[in-house]
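**Q** Contents of run-v2.cif (mmCIF, C-alpha atoms and all ligand atoms):
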```
data_coords
#
loop_
_atom_site.label_atom_id
_atom_site.label_comp_id
_atom_site.auth_asym_id
_atom_site.auth_seq_id
_atom_site.Cartn_x
_atom_site.Cartn_y
_atom_site.Cartn_z
CA MET A 1 119.20 44.84 -252.51
CA THR A 2 116.49 42.77 -250.79
CA GLY A 3 115.20 44.18 -247.53
CA ARG A 4 114.42 42.41 -244.28
CA GLY A 5 111.12 41.28 -242.95
CA CYS A 6 107.71 41.63 -244.48
CA VAL A 7 105.59 44.42 -245.91
CA VAL A 8 101.87 43.73 -245.59
CA ALA A 9 99.82 45.95 -247.92
CA GLY A 10 96.21 46.31 -246.77
CA GLY A 11 94.83 46.36 -243.25
CA GLY A 12 91.66 44.26 -243.52
CA PRO A 13 91.09 41.14 -241.42
CA GLY A 14 93.62 39.13 -243.47
CA GLY A 15 96.39 41.72 -243.46
CA VAL A 16 96.08 42.76 -239.82
CA MET A 17 95.97 39.13 -238.64
CA LEU A 18 99.00 38.17 -240.73
CA ALA A 19 100.94 41.24 -239.59
CA TYR A 20 100.18 40.39 -235.96
CA LEU A 21 101.13 36.70 -236.30
CA LEU A 22 104.41 37.46 -238.06
CA GLY A 23 105.27 40.28 -235.67
CA ARG A 24 104.56 38.04 -232.70
CA ALA A 25 106.91 35.43 -234.16
CA GLY A 26 109.71 38.02 -234.22
CA VAL A 27 109.57 39.06 -237.89
CA PRO A 28 109.93 42.81 -238.54
CA VAL A 29 106.68 43.85 -240.25
CA THR A 30 105.40 47.09 -241.76
CA LEU A 31 101.65 47.17 -242.31
CA LEU A 32 100.50 49.77 -244.86
CA GLU A 33 96.83 50.76 -244.87
CA ALA A 34 95.57 53.18 -247.51
CA ARG A 35 92.87 54.67 -245.28
CA ARG A 36 93.54 56.88 -242.31
CA ASP A 37 91.43 54.70 -239.99
CA PHE A 38 89.76 51.30 -239.85
CA ASP A 39 86.22 52.68 -239.88
CA ARG A 40 84.15 50.88 -242.45
CA ASP A 41 80.49 50.03 -242.60
CA PHE A 42 78.74 46.96 -244.03
CA ARG A 43 81.97 45.03 -244.45
CA GLY A 44 81.08 41.88 -242.62
CA ASP A 45 81.07 41.60 -238.89
CA SER A 46 81.23 37.88 -238.28
CA LEU A 47 83.91 36.35 -236.08
CA HIS A 48 83.47 32.58 -236.29
CA PRO A 49 84.31 30.08 -233.53
CA TYR A 50 87.57 29.36 -235.43
CA THR A 51 88.59 33.02 -235.21
CA LEU A 52 87.58 33.25 -231.54
CA GLU A 53 89.59 30.12 -230.69
CA LEU A 54 92.58 31.54 -232.55
CA LEU A 55 92.31 34.80 -230.62
CA ASP A 56 92.03 32.78 -227.42
CA GLN A 57 95.20 30.86 -228.31
CA LEU A 58 96.88 34.26 -228.79
CA GLY A 59 95.60 35.49 -225.42
CA LEU A 60 93.38 38.12 -227.05
CA ALA A 61 89.86 36.70 -226.85
CA VAL A 62 88.95 38.03 -223.40
CA GLY A 63 89.99 41.59 -224.32
CA LEU A 64 88.20 41.53 -227.66
CA LEU A 65 84.99 40.03 -226.30
CA ALA A 66 84.84 42.73 -223.65
CA LEU A 67 83.80 44.99 -226.57
CA PRO A 68 80.08 45.13 -227.51
CA HIS A 69 79.05 42.22 -229.73
CA HIS A 70 76.09 39.95 -230.42
CA LYS A 71 76.37 36.19 -229.94
CA ALA A 72 74.65 34.61 -232.94
CA ARG A 73 73.47 31.06 -232.35
CA TYR A 74 71.37 30.22 -235.42
CA PHE A 75 71.77 30.43 -239.17
CA ARG A 76 68.36 30.07 -240.80
CA PHE A 77 66.64 30.09 -244.19
CA HIS A 78 63.06 31.32 -244.57
CA THR A 79 61.12 30.74 -247.78
CA PRO A 80 57.43 30.97 -248.66
CA ALA A 81 57.53 27.14 -248.44
CA GLY A 82 58.76 27.20 -244.85
CA SER A 83 61.74 27.93 -242.59
CA LEU A 84 64.65 25.80 -241.64
CA THR A 85 67.56 26.14 -239.28
CA THR A 86 70.64 25.07 -241.17
CA ALA A 87 73.14 25.60 -238.35
CA ASP A 88 72.83 25.72 -234.57
CA TYR A 89 76.15 26.89 -233.12
CA GLY A 90 74.79 26.41 -229.61
CA ARG A 91 75.32 22.68 -230.11
CA LEU A 92 79.06 23.03 -230.61
CA ARG A 93 80.98 21.51 -227.76
CA ASN A 94 83.53 24.22 -227.19
CA ALA A 95 83.92 27.50 -225.32
CA PHE A 96 82.91 29.62 -228.32
CA ASN A 97 79.64 28.08 -229.44
CA TYR A 98 78.44 31.18 -231.32
CA VAL A 99 79.45 33.59 -234.07
CA ALA A 100 80.41 36.94 -232.54
CA LEU A 101 78.87 39.77 -234.58
CA MET A 102 80.99 42.86 -233.94
CA PRO A 103 81.58 45.89 -236.18
CA GLN A 104 84.65 45.01 -238.26
CA ALA A 105 86.20 48.38 -237.42
CA ARG A 106 86.31 47.52 -233.70
CA PHE A 107 87.96 44.15 -234.39
CA LEU A 108 90.57 45.77 -236.64
CA ASP A 109 91.26 48.63 -234.21
CA PHE A 110 91.78 46.09 -231.44
CA LEU A 111 94.14 43.80 -233.37
CA ALA A 112 96.05 46.60 -235.12
CA ALA A 113 96.80 48.23 -231.75
CA ARG A 114 98.24 44.91 -230.47
CA PHE A 115 100.28 44.57 -233.66
CA ALA A 116 101.68 48.12 -233.47
CA ALA A 117 102.86 47.47 -229.90
CA LEU A 118 105.08 44.55 -230.98
CA PRO A 119 108.82 45.22 -231.23
CA GLY A 120 110.04 45.81 -234.81
CA CYS A 121 106.49 46.39 -236.09
CA ARG A 122 105.09 49.53 -237.69
CA LEU A 123 101.55 50.44 -238.65
CA LEU A 124 101.33 53.20 -241.29
CA LEU A 125 97.83 54.56 -241.87
CA GLY A 126 97.07 56.76 -244.89
CA ALA A 127 99.82 54.86 -246.76
CA LYS A 128 98.60 53.72 -250.18
CA VAL A 129 100.72 51.32 -252.20
CA SER A 130 101.12 52.68 -255.73
CA ASP A 131 103.79 50.45 -257.25
CA LEU A 132 105.95 47.37 -256.79
CA VAL A 133 109.74 47.58 -256.63
CA ARG A 134 111.32 44.81 -258.68
CA GLU A 135 114.76 43.40 -259.26
CA GLY A 136 114.59 41.23 -262.35
CA ASP A 137 111.40 39.21 -261.97
CA ARG A 138 111.48 39.37 -258.15
CA VAL A 139 109.35 41.78 -256.14
CA VAL A 140 111.64 43.34 -253.53
CA GLY A 141 109.41 46.05 -252.10
CA VAL A 142 106.69 48.64 -252.69
CA ARG A 143 106.28 52.31 -253.33
CA TYR A 144 103.57 53.99 -251.32
CA ARG A 145 102.12 57.45 -251.06
CA ASP A 146 101.15 59.26 -247.91
CA GLU A 147 99.93 62.82 -247.48
CA HIS A 148 103.48 64.14 -247.80
CA ASP A 149 105.36 62.15 -250.39
CA THR A 150 106.08 58.90 -252.20
CA HIS A 151 108.27 56.43 -250.30
CA GLU A 152 110.05 53.22 -251.18
CA LEU A 153 110.11 50.31 -248.77
CA ARG A 154 112.09 47.10 -249.31
CA ALA A 155 111.32 43.74 -247.75
CA ALA A 156 112.14 40.06 -248.10
CA VAL A 157 108.50 39.45 -249.00
CA VAL A 158 105.50 41.64 -249.82
CA VAL A 159 102.00 40.40 -249.01
CA GLY A 160 99.06 41.91 -250.90
CA SER A 161 96.04 41.81 -248.60
CA ASP A 162 94.46 44.85 -250.22
CA GLY A 163 91.03 43.40 -250.85
CA ARG A 164 88.73 42.68 -253.75
CA PHE A 165 89.98 45.55 -255.96
CA SER A 166 93.63 44.72 -255.18
CA LYS A 167 96.13 47.14 -256.66
CA LEU A 168 98.97 44.68 -255.97
CA ARG A 169 97.16 41.98 -257.90
CA ARG A 170 96.94 44.30 -260.91
CA LEU A 171 100.53 45.49 -260.58
CA ALA A 172 101.71 41.86 -260.48
CA ASP A 173 99.54 40.99 -263.47
CA LEU A 174 97.66 38.21 -261.68
CA PRO A 175 94.15 38.51 -263.14
CA ALA A 176 91.15 37.20 -261.18
CA ARG A 177 88.64 34.96 -262.96
CA SER A 178 84.98 35.59 -262.19
CA LEU A 179 83.06 32.43 -261.24
CA GLY A 180 79.62 33.84 -261.86
CA ALA A 181 77.87 36.01 -259.28
CA THR A 182 74.33 36.84 -260.41
CA SER A 183 73.25 39.30 -257.74
CA ASP A 184 74.25 42.50 -256.01
CA LEU A 185 73.27 43.59 -252.50
CA LEU A 186 71.98 46.81 -251.02
CA TRP A 187 72.76 47.19 -247.33
CA PHE A 188 70.99 49.39 -244.82
CA ARG A 189 70.29 49.43 -241.11
CA LEU A 190 67.08 49.17 -239.11
CA PRO A 191 66.81 49.51 -235.33
CA GLN A 192 66.45 46.46 -233.12
CA HIS A 193 63.49 46.26 -230.69
CA GLU A 194 63.27 44.22 -227.51
CA THR A 195 60.21 42.46 -228.89
CA ASP A 196 62.10 41.10 -231.94
CA PRO A 197 62.28 37.30 -232.14
CA PRO A 198 65.02 36.34 -229.67
CA ASP A 199 66.33 33.60 -231.96
CA ALA A 200 66.80 35.86 -235.02
CA ASP A 201 70.55 36.07 -235.56
CA VAL A 202 71.69 35.43 -239.11
CA ASP A 203 68.62 34.89 -241.25
CA LEU A 204 67.98 34.75 -244.99
CA PHE A 205 64.43 35.43 -246.22
CA PHE A 206 63.76 34.37 -249.82
CA GLY A 207 60.97 35.76 -252.01
CA ARG A 208 60.43 35.38 -255.74
CA ASP A 209 62.68 38.07 -257.16
CA HIS A 210 64.78 38.99 -254.15
CA TYR A 211 66.08 37.79 -250.84
CA VAL A 212 66.85 39.68 -247.69
CA GLY A 213 69.72 38.86 -245.35
CA LEU A 214 69.47 39.93 -241.69
CA LEU A 215 72.44 40.21 -239.39
CA ALA A 216 72.05 41.06 -235.72
CA GLY A 217 74.65 43.20 -233.95
CA PRO A 218 75.28 45.90 -231.38
CA GLN A 219 74.31 48.59 -233.92
CA GLY A 220 70.89 47.10 -234.75
CA TRP A 221 69.85 45.03 -237.77
CA GLN A 222 72.00 45.04 -240.87
CA VAL A 223 69.71 44.31 -243.77
CA GLY A 224 70.99 43.17 -247.17
CA TYR A 225 68.46 43.30 -250.04
CA SER A 226 69.41 41.40 -253.18
CA LEU A 227 69.24 42.84 -256.69
CA PRO A 228 69.87 41.07 -259.96
CA LYS A 229 73.44 41.81 -261.06
CA GLY A 230 73.57 45.25 -262.65
CA GLY A 231 70.07 46.04 -261.36
CA TYR A 232 71.14 49.05 -259.30
CA PRO A 233 70.10 51.84 -261.74
CA ALA A 234 66.60 50.34 -262.10
CA ALA A 235 66.27 49.82 -258.33
CA ARG A 236 67.40 53.37 -257.70
CA ALA A 237 64.87 54.70 -260.19
CA ALA A 238 62.13 52.68 -258.43
CA GLY A 239 63.11 54.14 -255.04
CA VAL A 240 62.90 52.54 -251.60
CA ALA A 241 59.17 51.63 -251.71
CA PRO A 242 59.66 48.17 -253.34
CA ILE A 243 62.36 47.35 -250.78
CA ARG A 244 60.11 48.32 -247.89
CA GLU A 245 57.25 46.27 -249.37
CA PHE A 246 59.46 43.21 -249.74
CA VAL A 247 60.71 43.44 -246.17
CA ASP A 248 57.16 44.06 -244.85
CA ARG A 249 55.90 40.94 -246.64
CA HIS A 250 58.74 38.56 -245.89
CA VAL A 251 59.89 39.80 -242.48
CA PRO A 252 56.59 41.07 -241.02
CA TRP A 253 58.03 41.77 -237.56
CA LEU A 254 60.23 44.48 -239.14
CA ALA A 255 57.25 46.18 -240.86
CA ASP A 256 56.78 48.59 -237.92
CA ARG A 257 60.09 50.34 -238.78
CA THR A 258 60.64 50.05 -242.53
CA HIS A 259 59.23 53.59 -242.85
CA LEU A 260 62.64 54.68 -241.47
CA LEU A 261 64.15 53.74 -244.83
CA THR A 262 63.22 56.89 -246.74
CA ASP A 263 66.04 57.46 -249.18
CA PHE A 264 68.46 55.49 -251.34
CA ALA A 265 71.27 57.46 -249.74
CA GLN A 266 70.71 55.29 -246.62
CA THR A 267 71.77 52.23 -248.62
CA THR A 268 75.21 51.01 -249.64
CA LEU A 269 75.66 48.95 -252.79
CA LEU A 270 77.82 45.83 -252.68
CA SER A 271 78.59 44.47 -256.09
CA VAL A 272 78.71 40.76 -255.23
CA ASP A 273 81.65 38.95 -256.74
CA ILE A 274 82.96 35.40 -256.60
CA SER A 275 86.36 35.25 -258.24
CA ARG A 276 89.83 33.78 -257.83
CA VAL A 277 93.30 34.24 -259.24
CA ASP A 278 94.97 31.14 -260.69
CA THR A 279 98.36 31.83 -259.12
CA TRP A 280 98.48 33.57 -255.76
CA TRP A 281 102.11 34.64 -255.95
CA ARG A 282 105.04 36.01 -257.91
CA PRO A 283 108.63 35.68 -256.67
CA GLY A 284 108.76 37.90 -253.56
CA LEU A 285 104.98 38.59 -253.51
CA LEU A 286 102.00 36.71 -252.06
CA LEU A 287 98.28 37.55 -252.31
CA ILE A 288 95.88 36.54 -249.52
CA GLY A 289 92.24 37.16 -248.61
CA ASP A 290 89.94 38.93 -251.05
CA ALA A 291 92.98 40.00 -253.11
CA ALA A 292 93.45 36.34 -254.08
CA HIS A 293 89.79 35.23 -254.03
CA VAL A 294 86.64 37.25 -253.56
CA ILE A 295 84.04 35.49 -251.40
CA SER A 296 80.35 36.37 -251.73
CA PRO A 297 78.89 37.78 -248.49
CA VAL A 298 76.01 35.28 -248.59
CA GLY A 299 77.62 32.66 -246.34
CA GLY A 300 79.15 35.37 -244.13
CA ASN A 301 82.57 33.72 -244.24
CA GLY A 302 84.82 36.20 -246.09
CA ILE A 303 86.50 37.24 -242.84
CA LEU A 304 86.98 33.61 -241.82
CA MET A 305 88.66 32.80 -245.13
CA ALA A 306 90.93 35.87 -244.91
CA VAL A 307 91.91 35.01 -241.32
CA GLN A 308 92.63 31.39 -242.26
CA ASP A 309 94.78 32.54 -245.20
CA ALA A 310 96.70 34.67 -242.70
CA VAL A 311 97.27 31.68 -240.41
CA ALA A 312 98.49 29.46 -243.27
CA ALA A 313 100.69 32.27 -244.61
CA ALA A 314 102.19 32.93 -241.15
CA ASN A 315 102.92 29.21 -240.66
CA HIS A 316 104.92 29.14 -243.90
CA LEU A 317 106.40 32.64 -244.00
CA ALA A 318 107.61 33.06 -240.41
CA PRO A 319 110.18 30.23 -240.45
CA ALA A 320 111.28 31.21 -243.96
CA LEU A 321 111.69 34.89 -243.01
CA LEU A 322 113.58 33.97 -239.85
CA GLY A 323 115.62 31.36 -241.70
CA SER A 324 116.88 30.90 -245.22
CA GLY A 325 114.45 33.23 -247.02
CA VAL A 326 111.17 33.08 -248.90
CA SER A 327 111.52 30.82 -251.91
CA ASP A 328 108.88 30.35 -254.60
CA ALA A 329 108.17 26.93 -253.05
CA VAL A 330 107.19 28.58 -249.76
CA LEU A 331 104.71 30.87 -251.56
CA GLN A 332 103.28 27.98 -253.57
CA ALA A 333 102.87 26.00 -250.33
CA VAL A 334 100.54 28.71 -248.98
CA GLN A 335 98.39 28.49 -252.09
CA ASP A 336 98.43 24.68 -252.05
CA GLU A 337 97.21 24.68 -248.47
CA ARG A 338 94.43 27.22 -248.87
CA GLU A 339 93.13 26.80 -252.40
CA PRO A 340 91.09 23.61 -251.77
CA ALA A 341 89.15 25.37 -248.99
CA ILE A 342 88.50 28.43 -251.13
CA ARG A 343 87.38 26.31 -254.08
CA SER A 344 84.95 24.43 -251.87
CA VAL A 345 83.43 27.58 -250.33
CA GLN A 346 83.15 29.33 -253.68
CA ALA A 347 81.52 26.26 -255.31
CA GLN A 348 78.75 26.37 -252.66
CA GLN A 349 78.32 30.11 -253.18
CA VAL A 350 78.02 29.73 -256.96
CA GLN A 351 75.30 27.10 -256.36
CA ILE A 352 73.31 29.50 -254.15
CA GLU A 353 73.70 32.27 -256.74
CA GLN A 354 72.46 29.95 -259.46
CA ARG A 355 69.42 28.91 -257.44
CA ALA A 356 68.51 32.56 -256.86
CA ALA A 357 68.99 33.37 -260.57
CA HIS A 358 66.92 30.33 -261.58
CA ALA A 359 64.10 31.42 -259.28
CA ARG A 360 64.16 34.91 -260.81
CA HIS A 361 64.01 33.55 -264.35
CA THR A 362 61.29 30.97 -263.73
CA GLY A 363 59.22 33.26 -261.52
CA ARG A 364 59.15 30.60 -258.78
CA PRO A 365 60.26 31.40 -255.25
CA VAL A 366 63.48 29.89 -254.01
CA ALA A 367 62.73 26.83 -251.91
CA PRO A 368 65.27 25.01 -249.79
CA PRO A 369 66.43 21.93 -251.64
CA ALA A 370 64.37 18.95 -250.52
CA LEU A 371 67.54 17.16 -249.50
CA LEU A 372 68.55 20.02 -247.24
CA LYS A 373 65.15 19.87 -245.53
CA VAL A 374 65.53 16.17 -244.89
CA ILE A 375 69.12 16.49 -243.75
CA THR A 376 68.50 19.33 -241.31
CA ALA A 377 65.61 17.39 -239.75
CA ILE A 378 68.00 14.59 -238.73
CA PRO A 379 69.12 14.98 -235.11
CA GLY A 380 72.73 16.08 -234.91
CA MET A 381 72.83 17.49 -238.45
CA ARG A 382 72.42 21.11 -237.34
CA ALA A 383 75.35 20.65 -235.01
CA ARG A 384 77.40 19.18 -237.86
CA ALA A 385 76.39 22.04 -240.15
CA ALA A 386 77.36 24.51 -237.42
CA LYS A 387 80.73 22.81 -237.06
CA ALA A 388 81.32 22.91 -240.81
CA ASN A 389 80.41 26.60 -240.87
CA ALA A 390 82.30 27.44 -237.69
CA TYR A 391 85.64 26.21 -239.00
CA GLY A 392 85.22 26.15 -242.80
CA PRO A 393 86.77 23.41 -244.90
CA PHE A 394 90.38 22.38 -244.10
CA PRO A 395 90.95 24.90 -241.28
CA PRO A 396 94.67 25.58 -240.74
CA ARG A 397 96.10 25.19 -237.25
CA LEU A 398 98.45 27.90 -236.09
CA ASN A 399 101.95 26.48 -235.57
CA SER A 400 103.75 27.55 -232.50
CA LEU A 401 105.74 30.30 -234.19
CA ARG A 402 108.24 30.88 -231.42
C1 LIG B 501 79.30 44.94 -248.12
C2 LIG B 501 80.05 43.73 -247.66
C3 LIG B 501 79.48 42.86 -246.75
C4 LIG B 501 80.17 41.74 -246.32
N1 LIG B 501 79.60 40.93 -245.39
C5 LIG B 501 80.36 39.93 -244.84
C6 LIG B 501 79.91 39.19 -243.70
O1 LIG B 501 78.80 39.37 -243.21
N2 LIG B 501 80.75 38.28 -243.15
C7 LIG B 501 81.99 38.05 -243.66
O2 LIG B 501 82.74 37.22 -243.12
N3 LIG B 501 82.42 38.69 -244.75
C8 LIG B 501 81.65 39.65 -245.33
N4 LIG B 501 82.12 40.37 -246.37
C9 LIG B 501 83.41 40.02 -246.95
C10 LIG B 501 84.53 40.49 -246.07
O3 LIG B 501 84.39 41.85 -245.72
C11 LIG B 501 85.81 40.27 -246.82
O4 LIG B 501 85.85 38.96 -247.36
C12 LIG B 501 86.99 40.45 -245.91
O5 LIG B 501 86.97 41.75 -245.36
C13 LIG B 501 88.27 40.25 -246.69
O6 LIG B 501 89.34 40.64 -245.91
P1 LIG B 501 90.69 41.12 -246.57
O7 LIG B 501 91.59 41.39 -245.41
O8 LIG B 501 91.13 40.15 -247.58
O9 LIG B 501 90.37 42.44 -247.38
P2 LIG B 501 89.60 43.77 -246.98
O10 LIG B 501 88.80 43.61 -245.77
O11 LIG B 501 88.90 44.22 -248.21
O12 LIG B 501 90.77 44.78 -246.64
C14 LIG B 501 91.60 45.32 -247.63
C15 LIG B 501 92.28 46.56 -247.05
O13 LIG B 501 93.27 47.00 -247.96
C16 LIG B 501 93.24 48.42 -248.02
N5 LIG B 501 93.83 48.82 -249.32
C17 LIG B 501 93.25 48.78 -250.53
N6 LIG B 501 94.12 49.21 -251.48
C18 LIG B 501 95.28 49.51 -250.83
C19 LIG B 501 96.54 50.01 -251.26
N7 LIG B 501 96.80 50.28 -252.56
N8 LIG B 501 97.52 50.22 -250.33
C20 LIG B 501 97.29 49.96 -249.00
N9 LIG B 501 96.07 49.49 -248.54
C21 LIG B 501 95.09 49.26 -249.45
C22 LIG B 501 91.77 48.76 -247.89
O14 LIG B 501 91.58 50.09 -247.44
C23 LIG B 501 91.32 47.72 -246.85
O15 LIG B 501 91.45 48.21 -245.54
C24 LIG B 501 81.45 41.47 -246.84
C25 LIG B 501 82.03 42.34 -247.78
C26 LIG B 501 81.34 43.45 -248.19
C27 LIG B 501 82.00 44.37 -249.19
#
```
Just give me the structure of the file as structure tokens.
**A**
Amino acid sequence: MTGRGCVVAGGGPGGVMLAYLLGRAGVPVTLLEARRDFDRDFRGDSLHPYTLELLDQLGLAVGLLALPHHKARYFRFHTPAGSLTTADYGRLRNAFNYVALMPQARFLDFLAARFAALPGCRLLLGAKVSDLVREGDRVVGVRYRDEHDTHELRAAVVVGSDGRFSKLRRLADLPARSLGATSDLLWFRLPQHETDPPDADVDLFFGRDHYVGLLAGPQGWQVGYSLPKGGYPAARAAGVAPIREFVDRHVPWLADRTHLLTDFAQTTLLSVDISRVDTWWRPGLLLIGDAAHVISPVGGNGILMAVQDAVAAANHLAPALLGSGVSDAVLQAVQDEREPAIRSVQAQQVQIEQRAAHARHTGRPVAPPALLKVITAIPGMRARAAKANAYGPFPPRLNSLR
């Protein structure tokens, strides 16, 4: 017997947004999140103008932006050959002309609380999906474990938004193809000082063998230090001194506090991945967000892509769930709408990865492509780059769901 409504498995930005949008449209939704809370560190904190406009359309932007956040205006590259500003969000002509940098946990807490207050909606924390329930070749529900027991939950459609290591993807036998990440990232925090450059927001500093990404935010600087893929054991053996030296050399204004990085235990490893499944669905099951396609953190747009998947999925699923049911064609329509955007973003990310790998192999520092230098010097181009980054390719518009 097929159940009603939707089970969303995984409470990251994609899952929580989809659950909220469906619930708001009147669909009964159960959101299952394996962890007992939304606290997570170094998971991406960027809320793009697209996401802020969406929240505004939903009447949630004012409440969310009352929470501490940093308004990032610039996205810049720094290389030994010079610096360039690739995007200036301040030139966008709309109410949200910045990227809001806010701990992801606060964003998820905020949205999940609004979701849980909707009629017919349930948020279950500490509920880990362990299996799919099938009838013939159709997925008709999930089994999940909580601290007490294993439970079965049926639904008209199950959405797997359970992230880059998706259990639902494996259970449905939808393998992800790697597109070739060549680096990993070590993340750590350094304090922010009032004397820091006021225009430092989202900055990438390239050296010969590594690059450092800096993200501003209410909890100080998040620093990401690149390693060649699989280079973690060697980096760990070398200790934090080479990292401190790199930061001191390439970001001299942080040199007065790199001594605070004393131990590898202060760092978190992110194994960078760029991958995608060929088919995002099985009858009765849809994958969205990192479960369907892992985005490298380099462009800072993984949350944007997951949120946009949620919007496209809600546009297609809500009328189907409230009407004649979720056919395979509805699920394919979500993939058809989102895949071109994901392909485009991932192609750019693979290019950046290849440039960094090439620099490592040739021993030459990464330099911004000459064309990029010329293009960003043309008046208006930074605004266009900001617009492209603010909305991503092919941004879906939220249908009026009610
Ligand atoms: C270290 C790091 C830094 C990043 N930096 C950025 C950045 O600066 N900007 C940016 O936009 N993106 C960044 N990203 C990427 C971004 O975090 C992801 O693209 C985005 O979170 C994907 O959202 P999602 O909802 O698809 O999945 P996730 O955010 O991964 O959420 C998946 C959720 O599913 C839950 N789950 C897993 N298994 C189960 C199960 N069996 N049952 C129930 N629940 C389950 C997990 O606990 C998790 O809460 C970064 C990622 C990492 C890892």
**Q** Please provide as number ranges by chain all residues within 8 Å of Gly120 (chain A), with the sequence filter that same-chain residues fewer than 6 positions apart are discarded (counting all atoms listed in the file).
**A** A: 23, 26-29
**Q** For the residues in that selection, give me C-alpha atoms as a short mmCIF file (atom, residue, chain, number, x, y, z; two decimals), in the frame of the given file.
**A**
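Writing done, so here's selection.cif:
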```cif
data_model
loop_
_atom_site.label_atom_id
_atom_site.label_comp_id
_atom_site.auth_asym_id
_atom_site.auth_seq_id
_atom_site.Cartn_x
_atom_site.Cartn_y
_atom_site.Cartn_z
CA GLY A 23 105.27 40.28 -235.67
CA GLY A 26 109.71 38.02 -234.22
CA VAL A 27 109.57 39.06 -237.89
CA PRO A 28 109.93 42.81 -238.54
CA VAL A 29 106.68 43.85 -240.25
#
```
**Q** Determine the nearest neighbour of Leu321 (chain A) from the options A:Gly11, A:Pro393, A:Gly284, A:Gly207, counting only C-alpha atoms.
**A**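 That would be A:Gly284, the residue with the smallest distance to Leu321 (chain A).
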**Q** To one decimal in Å, tell me the separation between CA of Ala216 (chain A) and CA of Ser296 (chain A).
**A**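 Atom-to-atom, CA of Ala216 (chain A) to CA of Ser296 (chain A), that is 18.6 Å.
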**Q** Hey, what's within 9 Å of region 302-317 of chain A if we count all atoms listed in the file and toss same-chain stuff fewer than 2 positions away? As a ChimeraX atom specification, please?
**A** /A:12-19,21-22,25,44-48,50-51,157,161,286,288-290,294-297,299-300,319-322,325-326,330-331,333-335,337-338,341-342,390-392,395-401
**Q** Would you pick out the contacts of Lys387 (chain A) at 9 Å or less, using all atoms listed in the file, so that residues sharing its chain but fewer than 2 positions from it are not included, and give the list as a list in words?
**A** Pro49, Ala87, Asp88, Tyr89, Arg91, Leu92, Arg382, Ala383, Arg384, Ala385, Asn389, Ala390, Tyr391 and Gly392 of chain A
**Q** Would you mind telling me which residue in A:Gly10, A:Gly136, A:Gly3, A:Gly217 lies nearest to Leu67 (chain A) when using all atoms listed in the file?
**A** A:Gly217
**Q** Looking at only C-alpha atoms and all ligand atoms, which of A:Ala292, A:Asn301, A:Leu125, A:Arg257 is the one that sits closest to ligand LIG 501 (chain B)?
**A** A:Asn301
**Q** CA of His259 (chain A) to CA of Pro228 (chain A): how many Å, to one decimal?
**A**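 So the answer is 23.7 Å.
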**Q** To one decimal place, how far is CA of Asp203 (chain A) from CA of Asp162 (chain A) in Å?
**A**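 Between CA of Asp203 (chain A) and CA of Asp162 (chain A) the gap is 29.1 Å.
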**Q** Considering all atoms listed in the file, state which residue in the set A:Leu185, A:Leu118, A:Leu111, A:Val158 is at the smallest distance from ligand LIG 501 (chain B).
**A** A:Leu185
**Q** Between A:Leu132, A:Ala235, A:Leu52, A:Ala112, which is the closest to Val159 (chain A) once you count all atoms listed in the file?
**A**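 Of A:Leu132, A:Ala235, A:Leu52, A:Ala112, the one nearest Val159 (chain A), counting all atoms listed in the file, is A:Leu132.
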**Q** My list of candidates is A:Lys229, A:Arg249, A:Arg208, A:Arg134. Which is closest to His361 (chain A) when distances are computed with all atoms listed in the file?
**A** A:Arg208
**Q** Can you find the residues with an atom no farther than 10 Å from (76.0, 41.3, -255.5), counting only C-alpha atoms, and report them as JSON, numbers by chain?
**A** {"A": [181, 182, 183, 184, 185, 186, 224, 225, 226, 227, 228, 229, 230, 231, 232, 269, 270, 271, 272, 273, 274, 296, 297, 298, 353]}
